[in-house]
>>> print(open('model_21.cif').read())   # mmCIF, C-alpha atoms and all ligand atoms
data_entry
#
loop_
_atom_site.label_atom_id
_atom_site.label_comp_id
_atom_site.auth_asym_id
_atom_site.auth_seq_id
_atom_site.Cartn_x
_atom_site.Cartn_y
_atom_site.Cartn_z
CA MET A 272 224.76 -104.00 -257.99
CA SER A 273 223.03 -106.72 -256.01
CA THR A 274 219.67 -105.91 -254.47
CA PRO A 275 218.39 -107.37 -251.20
CA ARG A 276 215.73 -110.02 -251.64
CA ILE A 277 212.11 -109.12 -250.90
CA ARG A 278 211.27 -111.63 -248.17
CA LYS A 279 208.62 -109.81 -246.16
CA ALA A 280 205.20 -108.47 -247.07
CA VAL A 281 202.86 -106.28 -245.06
CA PHE A 282 199.11 -106.81 -245.35
CA PRO A 283 197.27 -103.85 -243.83
CA VAL A 284 193.89 -105.27 -242.82
CA ALA A 285 192.84 -102.86 -240.07
CA GLY A 286 190.51 -100.67 -242.13
CA LEU A 287 186.84 -100.31 -241.29
CA GLY A 288 185.47 -101.53 -244.62
CA THR A 289 182.69 -98.96 -244.65
CA ARG A 290 181.96 -99.49 -248.34
CA VAL A 291 180.70 -102.99 -247.66
CA LEU A 292 178.69 -102.33 -244.51
CA PRO A 293 176.74 -103.95 -242.93
CA ALA A 294 178.57 -107.12 -244.05
CA THR A 295 181.72 -105.78 -242.40
CA LYS A 296 180.20 -104.64 -239.13
CA ALA A 297 181.53 -107.63 -237.21
CA MET A 298 183.53 -109.41 -239.91
CA PRO A 299 186.67 -108.15 -241.63
CA LYS A 300 186.23 -107.15 -245.25
CA GLU A 301 189.27 -109.28 -246.05
CA MET A 302 187.30 -112.41 -245.10
CA LEU A 303 184.62 -111.83 -247.73
CA PRO A 304 184.74 -114.94 -249.88
CA VAL A 305 185.40 -114.85 -253.59
CA VAL A 306 183.92 -118.25 -254.45
CA ASP A 307 185.62 -120.46 -251.84
CA ARG A 308 188.66 -118.43 -250.79
CA PRO A 309 188.47 -115.30 -248.64
CA LEU A 310 189.97 -112.19 -250.22
CA ILE A 311 192.95 -112.32 -247.90
CA GLN A 312 193.85 -115.81 -249.06
CA HIS A 313 193.83 -114.70 -252.68
CA VAL A 314 196.46 -112.03 -251.90
CA VAL A 315 198.49 -114.23 -249.56
CA ASP A 316 198.66 -116.83 -252.35
CA GLU A 317 199.83 -114.11 -254.75
CA ALA A 318 202.59 -113.08 -252.32
CA ARG A 319 203.67 -116.67 -251.73
CA GLU A 320 203.93 -117.27 -255.47
CA ALA A 321 206.10 -114.12 -255.65
CA GLY A 322 208.56 -115.67 -253.16
CA ILE A 323 207.46 -113.92 -249.94
CA GLU A 324 208.41 -115.86 -246.79
CA HIS A 325 207.23 -113.60 -243.95
CA PHE A 326 203.64 -112.44 -243.86
CA ILE A 327 202.95 -109.48 -241.56
CA PHE A 328 199.33 -108.58 -240.96
CA VAL A 329 198.44 -105.19 -239.51
CA THR A 330 195.16 -105.96 -237.81
CA GLY A 331 192.52 -104.18 -235.74
CA ARG A 332 189.37 -104.99 -233.85
CA ASN A 333 187.20 -107.84 -235.21
CA LYS A 334 190.11 -109.22 -237.21
CA GLY A 335 190.90 -112.28 -235.05
CA VAL A 336 189.17 -114.49 -237.57
CA ILE A 337 192.01 -113.74 -240.03
CA GLU A 338 194.46 -115.28 -237.54
CA ASP A 339 192.17 -118.27 -237.16
CA HIS A 340 191.97 -118.70 -240.91
CA PHE A 341 195.73 -119.07 -241.26
CA ASP A 342 196.06 -121.22 -238.15
CA ARG A 343 195.49 -124.96 -237.93
CA SER A 344 192.01 -126.20 -237.11
CA VAL A 345 192.70 -129.54 -235.48
CA GLU A 346 189.03 -130.38 -234.89
CA LEU A 347 188.13 -129.72 -238.52
CA GLU A 348 191.14 -131.70 -239.74
CA GLU A 349 190.16 -134.68 -237.56
CA ASN A 350 186.64 -134.51 -238.90
CA LEU A 351 187.75 -134.38 -242.55
CA LYS A 352 190.20 -137.21 -241.93
CA GLY A 353 187.48 -139.34 -240.31
CA SER A 354 185.08 -138.75 -243.18
CA GLY A 355 187.67 -139.54 -245.84
CA LYS A 356 187.70 -136.06 -247.40
CA ALA A 357 191.38 -136.25 -248.23
CA GLN A 358 191.48 -133.46 -250.77
CA LEU A 359 189.75 -130.95 -248.50
CA LEU A 360 191.98 -132.05 -245.65
CA SER A 361 195.12 -131.37 -247.61
CA GLN A 362 193.76 -127.96 -248.69
CA MET A 363 193.07 -127.03 -245.05
CA ARG A 364 196.53 -128.13 -243.94
CA HIS A 365 198.13 -126.25 -246.80
CA ILE A 366 196.59 -122.93 -245.68
CA SER A 367 198.15 -123.14 -242.23
CA THR A 368 201.54 -124.34 -243.38
CA LEU A 369 201.97 -121.59 -245.94
CA ALA A 370 204.70 -119.67 -244.15
CA ASN A 371 205.56 -117.44 -241.21
CA PHE A 372 202.65 -115.29 -240.14
CA CYS A 373 203.00 -112.38 -237.70
CA TYR A 374 200.38 -109.98 -236.46
CA VAL A 375 200.70 -106.44 -235.21
CA ARG A 376 197.86 -104.30 -234.04
CA GLN A 377 196.84 -100.89 -235.35
CA SER A 378 194.75 -99.74 -232.41
CA GLU A 379 192.94 -97.05 -234.38
CA ALA A 380 192.30 -96.89 -238.14
CA LEU A 381 194.40 -93.76 -238.71
CA GLY A 382 195.07 -94.49 -242.37
CA LEU A 383 197.02 -96.80 -244.66
CA GLY A 384 200.30 -94.92 -244.04
CA HIS A 385 199.90 -95.36 -240.30
CA ALA A 386 199.09 -99.07 -240.78
CA VAL A 387 202.33 -99.60 -242.72
CA LEU A 388 204.27 -97.74 -240.02
CA CYS A 389 202.88 -100.19 -237.43
CA ALA A 390 204.90 -102.96 -239.17
CA GLN A 391 208.25 -101.16 -238.88
CA ARG A 392 209.67 -103.27 -236.07
CA LEU A 393 208.78 -106.51 -237.84
CA ILE A 394 210.30 -105.31 -241.10
CA GLY A 395 213.56 -103.89 -239.73
CA ASP A 396 216.07 -102.49 -242.17
CA GLU A 397 215.22 -104.25 -245.42
CA PRO A 398 213.03 -103.54 -248.45
CA PHE A 399 209.59 -105.09 -248.28
CA ALA A 400 206.29 -105.45 -250.10
CA VAL A 401 202.89 -104.03 -249.20
CA ILE A 402 199.76 -105.72 -250.51
CA LEU A 403 196.22 -104.52 -250.01
CA GLY A 404 193.81 -107.31 -249.24
CA ASP A 405 190.87 -105.82 -251.05
CA GLU A 406 192.47 -105.68 -254.50
CA ILE A 407 192.73 -108.99 -256.32
CA ILE A 408 194.86 -109.34 -259.42
CA ASP A 409 194.23 -112.29 -261.68
CA ALA A 410 197.32 -112.70 -263.85
CA PRO A 411 199.52 -115.48 -265.27
CA VAL A 412 202.51 -113.82 -263.56
CA PRO A 413 201.40 -112.81 -260.05
CA GLY A 414 201.09 -109.02 -259.69
CA LEU A 415 203.64 -108.79 -256.88
CA ALA A 416 206.12 -110.96 -258.80
CA GLN A 417 205.96 -108.41 -261.64
CA LEU A 418 206.89 -105.63 -259.19
CA ILE A 419 209.73 -107.62 -257.62
CA HIS A 420 211.13 -108.30 -261.08
CA ALA A 421 211.14 -104.55 -261.83
CA TYR A 422 212.66 -103.80 -258.40
CA LYS A 423 215.57 -106.17 -259.07
CA LYS A 424 216.33 -104.36 -262.33
CA ARG A 425 215.86 -100.78 -261.11
CA HIS A 426 216.93 -100.86 -257.43
CA GLY A 427 214.24 -98.41 -256.34
CA ALA A 428 210.74 -98.34 -254.89
CA VAL A 429 208.18 -99.78 -257.31
CA LEU A 430 204.46 -99.05 -257.27
CA GLY A 431 201.98 -101.21 -259.16
CA VAL A 432 199.72 -99.04 -261.33
CA GLN A 433 197.01 -99.48 -263.91
CA GLU A 434 195.12 -97.03 -266.09
CA VAL A 435 191.67 -96.13 -264.78
CA PRO A 436 188.89 -94.15 -266.48
CA HIS A 437 189.64 -90.45 -266.10
CA GLN A 438 186.43 -89.77 -264.18
CA GLU A 439 187.45 -92.37 -261.56
CA VAL A 440 190.84 -90.90 -260.62
CA ASN A 441 189.32 -89.41 -257.48
CA ARG A 442 189.12 -92.93 -256.00
CA TYR A 443 192.87 -93.63 -256.18
CA GLY A 444 196.40 -92.43 -255.52
CA ILE A 445 197.50 -91.10 -258.93
CA VAL A 446 201.10 -90.86 -260.13
CA SER A 447 202.75 -88.14 -262.13
CA PRO A 448 204.76 -90.31 -264.54
CA ARG A 449 207.70 -89.89 -266.88
CA ALA A 450 207.67 -92.78 -269.36
CA MET A 451 210.89 -94.80 -269.52
CA THR A 452 210.16 -98.07 -271.27
CA ALA A 453 206.92 -99.74 -272.23
CA GLY A 454 204.89 -100.09 -269.04
CA LEU A 455 207.52 -98.59 -266.73
CA HIS A 456 207.55 -94.96 -265.59
CA ARG A 457 209.69 -92.86 -263.30
CA VAL A 458 207.44 -91.39 -260.60
CA GLU A 459 207.85 -87.63 -260.37
CA GLY A 460 205.02 -87.07 -257.93
CA LEU A 461 201.84 -88.54 -256.48
CA ILE A 462 198.51 -87.21 -255.38
CA GLU A 463 195.84 -88.93 -253.31
CA LYS A 464 192.32 -89.02 -254.79
CA PRO A 465 192.63 -85.92 -257.02
CA ALA A 466 189.69 -84.29 -258.73
CA PRO A 467 189.77 -85.31 -262.43
CA ALA A 468 190.80 -81.77 -263.44
CA GLU A 469 193.83 -81.90 -261.11
CA ALA A 470 195.03 -85.42 -261.91
CA PRO A 471 198.49 -85.57 -263.50
CA SER A 472 197.58 -88.84 -265.29
CA ASN A 473 195.11 -91.68 -265.12
CA LEU A 474 197.70 -94.14 -263.74
CA ALA A 475 196.32 -95.32 -260.41
CA VAL A 476 198.23 -97.10 -257.65
CA ILE A 477 196.54 -100.46 -257.26
CA GLY A 478 197.54 -101.81 -253.88
CA ARG A 479 200.91 -103.38 -254.68
CA TYR A 480 204.17 -101.77 -253.54
CA VAL A 481 207.84 -102.65 -253.09
CA LEU A 482 209.33 -100.13 -250.68
CA PRO A 483 212.68 -99.41 -249.05
CA PRO A 484 212.88 -99.08 -245.24
CA GLU A 485 213.57 -95.35 -245.74
CA ILE A 486 209.79 -94.95 -246.00
CA PHE A 487 209.43 -95.41 -242.22
CA PRO A 488 211.05 -92.18 -240.97
CA ILE A 489 209.02 -90.33 -243.59
CA LEU A 490 205.80 -92.00 -242.47
CA ARG A 491 206.58 -91.08 -238.88
CA LYS A 492 206.58 -87.41 -239.87
CA THR A 493 203.60 -87.57 -242.24
CA GLN A 494 200.66 -85.51 -241.05
CA PRO A 495 197.04 -86.56 -241.62
CA GLY A 496 196.00 -85.68 -245.18
CA LYS A 497 192.95 -86.57 -247.28
CA ASN A 498 190.01 -87.67 -245.08
CA GLY A 499 192.09 -86.90 -241.97
CA GLU A 500 194.10 -90.12 -242.50
CA ILE A 501 197.87 -90.62 -242.56
CA GLN A 502 198.18 -91.37 -246.24
CA LEU A 503 200.81 -93.69 -247.66
CA THR A 504 200.59 -91.63 -250.87
CA ASP A 505 201.80 -88.50 -249.03
CA ALA A 506 204.83 -90.36 -247.64
CA LEU A 507 205.58 -91.84 -251.08
CA ARG A 508 205.57 -88.35 -252.58
CA GLU A 509 208.30 -87.35 -250.09
CA LEU A 510 210.26 -90.53 -250.77
CA ALA A 511 210.12 -89.89 -254.53
CA LYS A 512 211.88 -86.54 -253.93
CA LYS A 513 214.81 -88.32 -252.25
CA SER A 514 215.31 -91.55 -254.16
CA PRO A 515 214.24 -93.16 -257.44
CA MET A 516 210.69 -94.47 -257.56
CA TYR A 517 209.07 -96.33 -260.41
CA ALA A 518 205.51 -97.11 -261.46
CA LEU A 519 205.03 -100.44 -263.17
CA GLU A 520 201.88 -101.06 -265.21
CA VAL A 521 200.80 -104.41 -263.81
CA GLN A 522 199.61 -106.92 -266.41
CA GLY A 523 196.45 -108.73 -265.36
CA GLN A 524 192.83 -108.27 -264.46
CA ARG A 525 192.34 -106.27 -261.27
CA TYR A 526 189.25 -106.36 -259.09
CA ASP A 527 188.55 -103.78 -256.40
CA ALA A 528 186.79 -106.26 -254.18
CA GLY A 529 186.53 -103.80 -251.28
CA ASP A 530 183.61 -102.24 -253.10
CA LYS A 531 180.24 -104.01 -253.51
CA LEU A 532 180.16 -103.93 -257.29
CA GLY A 533 183.85 -104.88 -257.59
CA TRP A 534 183.35 -107.78 -255.21
CA LEU A 535 180.33 -109.03 -257.18
CA ILE A 536 182.28 -108.82 -260.46
CA ALA A 537 185.24 -110.68 -258.95
CA THR A 538 182.90 -113.36 -257.61
CA VAL A 539 181.24 -113.90 -260.99
CA GLU A 540 184.55 -113.99 -262.88
CA PHE A 541 186.24 -116.41 -260.47
CA ALA A 542 183.14 -118.60 -260.38
CA LEU A 543 183.08 -118.78 -264.20
CA LYS A 544 186.77 -119.77 -264.20
CA ASN A 545 186.32 -122.41 -261.51
CA PRO A 546 186.59 -125.86 -263.16
CA SER A 547 183.93 -127.50 -260.99
CA LEU A 548 181.46 -124.59 -260.88
CA GLY A 549 182.08 -122.70 -264.10
CA PRO A 550 180.02 -124.66 -266.64
CA ASP A 551 176.90 -124.89 -264.44
CA PHE A 552 177.21 -121.29 -263.34
CA CYS A 553 177.60 -120.16 -266.94
CA ASP A 554 174.43 -122.08 -267.90
CA TYR A 555 172.63 -120.42 -265.02
CA LEU A 556 173.77 -116.92 -266.01
CA GLN A 557 172.89 -117.42 -269.68
CA ASN A 558 169.49 -118.66 -268.68
CA ARG A 559 169.07 -115.83 -266.21
CA MET A 560 169.97 -113.16 -268.75
CA ARG A 561 167.44 -114.29 -271.36
CA PRO A 562 165.35 -111.22 -272.24
CA SER A 563 162.09 -113.05 -271.72
CA GLY A 564 160.80 -116.36 -270.54
CA GLU A 565 161.48 -118.29 -267.43
CA HIS A 566 164.76 -118.71 -265.71
CA ARG A 567 165.91 -121.28 -263.26
CA THR A 568 166.53 -119.74 -259.86
CA THR A 569 167.16 -122.78 -257.72
CA ARG A 570 169.19 -125.88 -257.99
CA SER A 571 170.51 -128.25 -255.43
CA ARG A 572 173.27 -130.73 -255.56
CA LYS A 573 175.32 -131.92 -252.66
CA ALA A 574 178.98 -132.42 -253.39
P1 LIG A 601 190.64 -98.77 -247.79
O1 LIG A 601 190.36 -97.35 -247.60
O2 LIG A 601 190.38 -99.40 -249.10
O3 LIG A 601 189.92 -99.70 -246.74
O4 LIG A 601 192.14 -99.06 -247.34
P2 LIG A 601 188.89 -99.40 -245.63
O5 LIG A 601 189.20 -98.12 -244.95
O6 LIG A 601 188.82 -100.64 -244.80
O7 LIG A 601 187.57 -99.39 -246.52
P3 LIG A 601 186.40 -98.38 -246.75
O8 LIG A 601 186.94 -97.36 -247.73
O9 LIG A 601 186.02 -97.81 -245.41
O10 LIG A 601 185.34 -99.24 -247.31
C1 LIG A 601 193.01 -99.90 -248.07
C2 LIG A 601 193.58 -100.99 -247.20
O11 LIG A 601 194.24 -100.42 -246.08
C3 LIG A 601 193.78 -101.00 -244.89
C4 LIG A 601 192.40 -101.55 -245.19
O12 LIG A 601 192.12 -102.66 -244.34
C5 LIG A 601 192.52 -101.92 -246.66
O13 LIG A 601 193.00 -103.25 -246.82
N1 LIG A 601 193.76 -99.95 -243.84
C6 LIG A 601 193.16 -98.75 -244.10
C7 LIG A 601 194.34 -100.21 -242.61
O14 LIG A 601 194.88 -101.31 -242.38
N2 LIG A 601 194.30 -99.24 -241.67
C8 LIG A 601 193.73 -98.02 -241.88
O15 LIG A 601 193.75 -97.18 -240.97
C9 LIG A 601 193.14 -97.79 -243.13
#
>>> encode(input="model_21.cif", output="structure tokens")
Amino acid sequence: MSTPRIRKAVFPVAGLGTRVLPATKAMPKEMLPVVDRPLIQHVVDEAREAGIEHFIFVTGRNKGVIEDHFDRSVELEENLKGSGKAQLLSQMRHISTLANFCYVRQSEALGLGHAVLCAQRLIGDEPFAVILGDEIIDAPVPGLAQLIHAYKKRHGAVLGVQEVPHQEVNRYGIVSPRAMTAGLHRVEGLIEKPAPAEAPSNLAVIGRYVLPPEIFPILRKTQPGKNGEIQLTDALRELAKKSPMYALEVQGQRYDAGDKLGWLIATVEFALKNPSLGPDFCDYLQNRMRPSGEHRTTRSRKA
């Protein structure tokens, strides 16, 4: 059986980002930089590497800067051209020529499920991906590509999951799994942010989904759930009753960069891996972590 290609991805970016306030009071959480790329560019790059051609952002107030980021900046390009910064210039042009970007507004942050529903008209009647902009996955095979691979084999909805510590299940949507093959499970149920004692497993949904369009009529009927929000998890639970749904254990390092500690960890790890920053930054950290003695706190070098 041939499966339709996954061409479109939805990026819900209309949340309020309360965990990172006050940084996110006027600026979208998705524009927080991890080294030199905003979070949203990390996930857009992941989707592009997975073959996505249409990028649909569900935005809200204060999110216009995301549109600007993926648009051309003629003045900046002229300036870089004039000052001979060819490499930076080509990087800037690359961002705006990535693909087709569309924006749809979620006028009120009514929940992730509601945000996905806002993209219905732009998706139409085809399966699609959903990627959360505050979860970064660092992996040799991009996280979304792993899901699309599983979707092609199984012809059903696929949720990206990873094991989390049992005491942290109340921060995630948790699946009730039936193991099939190594790393792949049939989803028998889902629960949003369960108390540890009620969690059916410690497999948490990690912000990557491949979904059929049949999710939309379900979302339309989904009532507000946990925290008074229209939860995608609740709609997925209904979908799983009607058609096959799978949970794929995504291989790679995941960072919850929508949380202060997660964002700091992601920043440190990506900085250490950065070829031009890594060695100096590593020296700095080693020096900084010495149990006693002085550490260097300032340095200046203009690129
Ligand atoms: P989160 O719950 O992690 O994001 O939603 P949030 O609500 O912005 O953050 P906190 O918890 O208050 O700090 C996951 C993703 O869903 C989007 C968010 O932008 C985030 O990328 N989202 C959430 C929406 O687009 N609309 C919503 O109504 C809720």
>>> closest_residue(input="model_21.cif", among="A:Glu439, A:Ala453, A:Glu500, A:Val375", to="Arg392 (chain A)", atoms="only C-alpha atoms")
A:Val375
>>> residues_near_ligand(input="model_21.cif", ligand="ligand LIG 601 (chain A)", cutoff="8 Å", atoms="only C-alpha atoms and all ligand atoms", output="compact mmCIF listing (two decimals) with C-alpha atoms, in the coordinates of the input")
# COMPACT_ATOMS: atom_id res chain seq x y z
CA PHE A 282 199.11 -106.81 -245.35
CA PRO A 283 197.27 -103.85 -243.83
CA VAL A 284 193.89 -105.27 -242.82
CA ALA A 285 192.84 -102.86 -240.07
CA GLY A 286 190.51 -100.67 -242.13
CA LEU A 287 186.84 -100.31 -241.29
CA GLY A 288 185.47 -101.53 -244.62
CA THR A 289 182.69 -98.96 -244.65
CA ARG A 290 181.96 -99.49 -248.34
CA VAL A 291 180.70 -102.99 -247.66
CA LEU A 292 178.69 -102.33 -244.51
CA LYS A 300 186.23 -107.15 -245.25
CA GLU A 301 189.27 -109.28 -246.05
CA VAL A 329 198.44 -105.19 -239.51
CA THR A 330 195.16 -105.96 -237.81
CA GLY A 331 192.52 -104.18 -235.74
CA GLN A 377 196.84 -100.89 -235.35
CA GLU A 379 192.94 -97.05 -234.38
CA ALA A 380 192.30 -96.89 -238.14
CA LEU A 381 194.40 -93.76 -238.71
CA GLY A 382 195.07 -94.49 -242.37
CA LEU A 383 197.02 -96.80 -244.66
CA GLY A 384 200.30 -94.92 -244.04
CA HIS A 385 199.90 -95.36 -240.30
CA ALA A 386 199.09 -99.07 -240.78
CA VAL A 387 202.33 -99.60 -242.72
CA LEU A 403 196.22 -104.52 -250.01
CA GLY A 404 193.81 -107.31 -249.24
CA ASP A 405 190.87 -105.82 -251.05
CA GLY A 478 197.54 -101.81 -253.88
CA GLU A 500 194.10 -90.12 -242.50
CA ILE A 501 197.87 -90.62 -242.56
CA GLY A 529 186.53 -103.80 -251.28
CA ASP A 530 183.61 -102.24 -253.10
>>> residues_around(input="model_21.cif", residues="Gly549 (chain A)", least_positions_apart="6", cutoff="12 Å", atoms="all atoms listed in the file", output="PDB file with C-alpha atoms, in the coordinates of the input")
ATOM      1  CA  VAL A 306     183.920-118.250-254.450  1.00  0.00           C
ATOM      2  CA  THR A 538     182.900-113.360-257.610  1.00  0.00           C
ATOM      3  CA  VAL A 539     181.240-113.900-260.990  1.00  0.00           C
ATOM      4  CA  GLU A 540     184.550-113.990-262.880  1.00  0.00           C
ATOM      5  CA  PHE A 541     186.240-116.410-260.470  1.00  0.00           C
ATOM      6  CA  ALA A 542     183.140-118.600-260.380  1.00  0.00           C
ATOM      7  CA  LEU A 543     183.080-118.780-264.200  1.00  0.00           C
ATOM      8  CA  TYR A 555     172.630-120.420-265.020  1.00  0.00           C
ATOM      9  CA  LEU A 556     173.770-116.920-266.010  1.00  0.00           C
ATOM     10  CA  GLN A 557     172.890-117.420-269.680  1.00  0.00           C
TER      11      GLN A 557
END
>>> residues_around(input="model_21.cif", residues="Arg491 (chain A)", least_positions_apart="2", cutoff="10 Å", atoms="all atoms listed in the file", output="ChimeraX atom specification")
/A:384-385,388-389,486-489,493-494,501,506
>>> residues_around(input="model_21.cif", residues="His325 (chain A)", least_positions_apart="4", cutoff="7 Å", atoms="all atoms listed in the file", output="ChimeraX atom specification")
/A:278-280,370-372
>>> write_last_selection(input="model_21.cif", atoms="C-alpha atoms", output="CSV table (one decimal), in the coordinates of the input")
chain,number,residue,atom,x,y,z
A,278,ARG,CA,211.3,-111.6,-248.2
A,279,LYS,CA,208.6,-109.8,-246.2
A,280,ALA,CA,205.2,-108.5,-247.1
A,370,ALA,CA,204.7,-119.7,-244.2
A,371,ASN,CA,205.6,-117.4,-241.2
A,372,PHE,CA,202.6,-115.3,-240.1
>>> residues_around(input="model_21.cif", residues="region 512-525 of chain A", least_positions_apart="2", cutoff="10 Å", atoms="all atoms listed in the file", output="ChimeraX atom specification")
/A:406-418,421-422,425-434,446-460,474-477,479-483,485,507-510,527-528,533,537
>>> residues_around(input="model_21.cif", residues="Lys464 (chain A)", least_positions_apart="3", cutoff="12 Å", atoms="only C-alpha atoms", output="ChimeraX atom specification")
/A:437-446,461,467-476,496-498,502,504-505
>>> atom_distance(input="model_21.cif", atom1="CA of Lys356 (chain A)", atom2="CA of Asp339 (chain A)")
21.0 Å
>>> atom_distance(input="model_21.cif", atom1="CA of Arg276 (chain A)", atom2="CA of Ser367 (chain A)")
23.9 Å
>>> atom_distance(input="model_21.cif", atom1="CA of Met560 (chain A)", atom2="CA of Pro436 (chain A)")
26.9 Å
>>> closest_residue(input="model_21.cif", among="A:Leu548, A:Ala318, A:Val336, A:Leu310", to="Ile402 (chain A)", atoms="all atoms listed in the file")
A:Ala318
>>> decode(input="model_21.cif", residues="region 331-354 of chain A", atoms="N, CA and C atoms", output="PDB file, in the first residue's frame")
ATOM      1  N   GLY A 331       0.685  33.862  17.371  1.00  0.00           N
ATOM      2  CA  GLY A 331      -0.201  34.680  18.201  1.00  0.00           C
ATOM      3  C   GLY A 331       0.391  36.066  18.323  1.00  0.00           C
ATOM      4  N   ARG A 332      -0.031  36.782  19.359  1.00  0.00           N
ATOM      5  CA  ARG A 332       0.506  38.128  19.559  1.00  0.00           C
ATOM      6  C   ARG A 332       2.009  38.066  19.838  1.00  0.00           C
ATOM      7  N   ASN A 333       2.718  39.109  19.488  1.00  0.00           N
ATOM      8  CA  ASN A 333       4.169  39.218  19.729  1.00  0.00           C
ATOM      9  C   ASN A 333       4.996  38.215  18.933  1.00  0.00           C
ATOM     10  N   LYS A 334       4.424  37.599  17.916  1.00  0.00           N
ATOM     11  CA  LYS A 334       5.170  36.563  17.209  1.00  0.00           C
ATOM     12  C   LYS A 334       5.644  37.028  15.834  1.00  0.00           C
ATOM     13  N   GLY A 335       5.382  38.310  15.502  1.00  0.00           N
ATOM     14  CA  GLY A 335       5.738  38.822  14.175  1.00  0.00           C
ATOM     15  C   GLY A 335       7.219  38.662  13.867  1.00  0.00           C
ATOM     16  N   VAL A 336       8.031  38.665  14.908  1.00  0.00           N
ATOM     17  CA  VAL A 336       9.471  38.568  14.708  1.00  0.00           C
ATOM     18  C   VAL A 336       9.850  37.201  14.096  1.00  0.00           C
ATOM     19  N   ILE A 337       8.995  36.195  14.311  1.00  0.00           N
ATOM     20  CA  ILE A 337       9.265  34.885  13.687  1.00  0.00           C
ATOM     21  C   ILE A 337       9.128  35.023  12.169  1.00  0.00           C
ATOM     22  N   GLU A 338       8.077  35.755  11.737  1.00  0.00           N
ATOM     23  CA  GLU A 338       7.912  35.980  10.290  1.00  0.00           C
ATOM     24  C   GLU A 338       9.113  36.737   9.748  1.00  0.00           C
ATOM     25  N   ASP A 339       9.551  37.744  10.490  1.00  0.00           N
ATOM     26  CA  ASP A 339      10.708  38.526  10.027  1.00  0.00           C
ATOM     27  C   ASP A 339      11.950  37.646   9.901  1.00  0.00           C
ATOM     28  N   HIS A 340      12.092  36.728  10.859  1.00  0.00           N
ATOM     29  CA  HIS A 340      13.296  35.895  10.846  1.00  0.00           C
ATOM     30  C   HIS A 340      13.388  35.067   9.570  1.00  0.00           C
ATOM     31  N   PHE A 341      12.240  34.576   9.104  1.00  0.00           N
ATOM     32  CA  PHE A 341      12.278  33.716   7.914  1.00  0.00           C
ATOM     33  C   PHE A 341      12.046  34.500   6.623  1.00  0.00           C
ATOM     34  N   ASP A 342      11.984  35.812   6.736  1.00  0.00           N
ATOM     35  CA  ASP A 342      11.834  36.649   5.552  1.00  0.00           C
ATOM     36  C   ASP A 342      13.215  37.187   5.162  1.00  0.00           C
ATOM     37  N   ARG A 343      13.291  37.774   3.982  1.00  0.00           N
ATOM     38  CA  ARG A 343      14.564  38.390   3.588  1.00  0.00           C
ATOM     39  C   ARG A 343      14.780  39.692   4.357  1.00  0.00           C
ATOM     40  N   SER A 344      16.029  40.034   4.585  1.00  0.00           N
ATOM     41  CA  SER A 344      16.338  41.322   5.183  1.00  0.00           C
ATOM     42  C   SER A 344      17.298  42.015   4.216  1.00  0.00           C
ATOM     43  N   VAL A 345      16.679  42.765   3.295  1.00  0.00           N
ATOM     44  CA  VAL A 345      17.456  43.323   2.185  1.00  0.00           C
ATOM     45  C   VAL A 345      18.546  44.264   2.696  1.00  0.00           C
ATOM     46  N   GLU A 346      18.189  45.088   3.684  1.00  0.00           N
ATOM     47  CA  GLU A 346      19.155  46.060   4.223  1.00  0.00           C
ATOM     48  C   GLU A 346      20.377  45.337   4.824  1.00  0.00           C
ATOM     49  N   LEU A 347      20.090  44.297   5.598  1.00  0.00           N
ATOM     50  CA  LEU A 347      21.181  43.530   6.210  1.00  0.00           C
ATOM     51  C   LEU A 347      22.030  42.864   5.126  1.00  0.00           C
ATOM     52  N   GLU A 348      21.364  42.303   4.126  1.00  0.00           N
ATOM     53  CA  GLU A 348      22.102  41.625   3.055  1.00  0.00           C
ATOM     54  C   GLU A 348      23.017  42.614   2.328  1.00  0.00           C
ATOM     55  N   GLU A 349      22.500  43.820   2.053  1.00  0.00           N
ATOM     56  CA  GLU A 349      23.315  44.844   1.376  1.00  0.00           C
ATOM     57  C   GLU A 349      24.541  45.182   2.219  1.00  0.00           C
ATOM     58  N   ASN A 350      24.299  45.311   3.516  1.00  0.00           N
ATOM     59  CA  ASN A 350      25.378  45.664   4.423  1.00  0.00           C
ATOM     60  C   ASN A 350      26.456  44.567   4.438  1.00  0.00           C
ATOM     61  N   LEU A 351      26.023  43.311   4.542  1.00  0.00           N
ATOM     62  CA  LEU A 351      26.989  42.203   4.599  1.00  0.00           C
ATOM     63  C   LEU A 351      27.761  42.104   3.280  1.00  0.00           C
ATOM     64  N   LYS A 352      27.022  42.365   2.181  1.00  0.00           N
ATOM     65  CA  LYS A 352      27.652  42.314   0.859  1.00  0.00           C
ATOM     66  C   LYS A 352      28.739  43.385   0.761  1.00  0.00           C
ATOM     67  N   GLY A 353      28.346  44.602   1.208  1.00  0.00           N
ATOM     68  CA  GLY A 353      29.278  45.748   1.138  1.00  0.00           C
ATOM     69  C   GLY A 353      30.497  45.525   2.003  1.00  0.00           C
ATOM     70  N   SER A 354      30.342  44.812   3.126  1.00  0.00           N
ATOM     71  CA  SER A 354      31.498  44.642   4.008  1.00  0.00           C
ATOM     72  C   SER A 354      32.211  43.310   3.769  1.00  0.00           C
TER      73      SER A 354
END
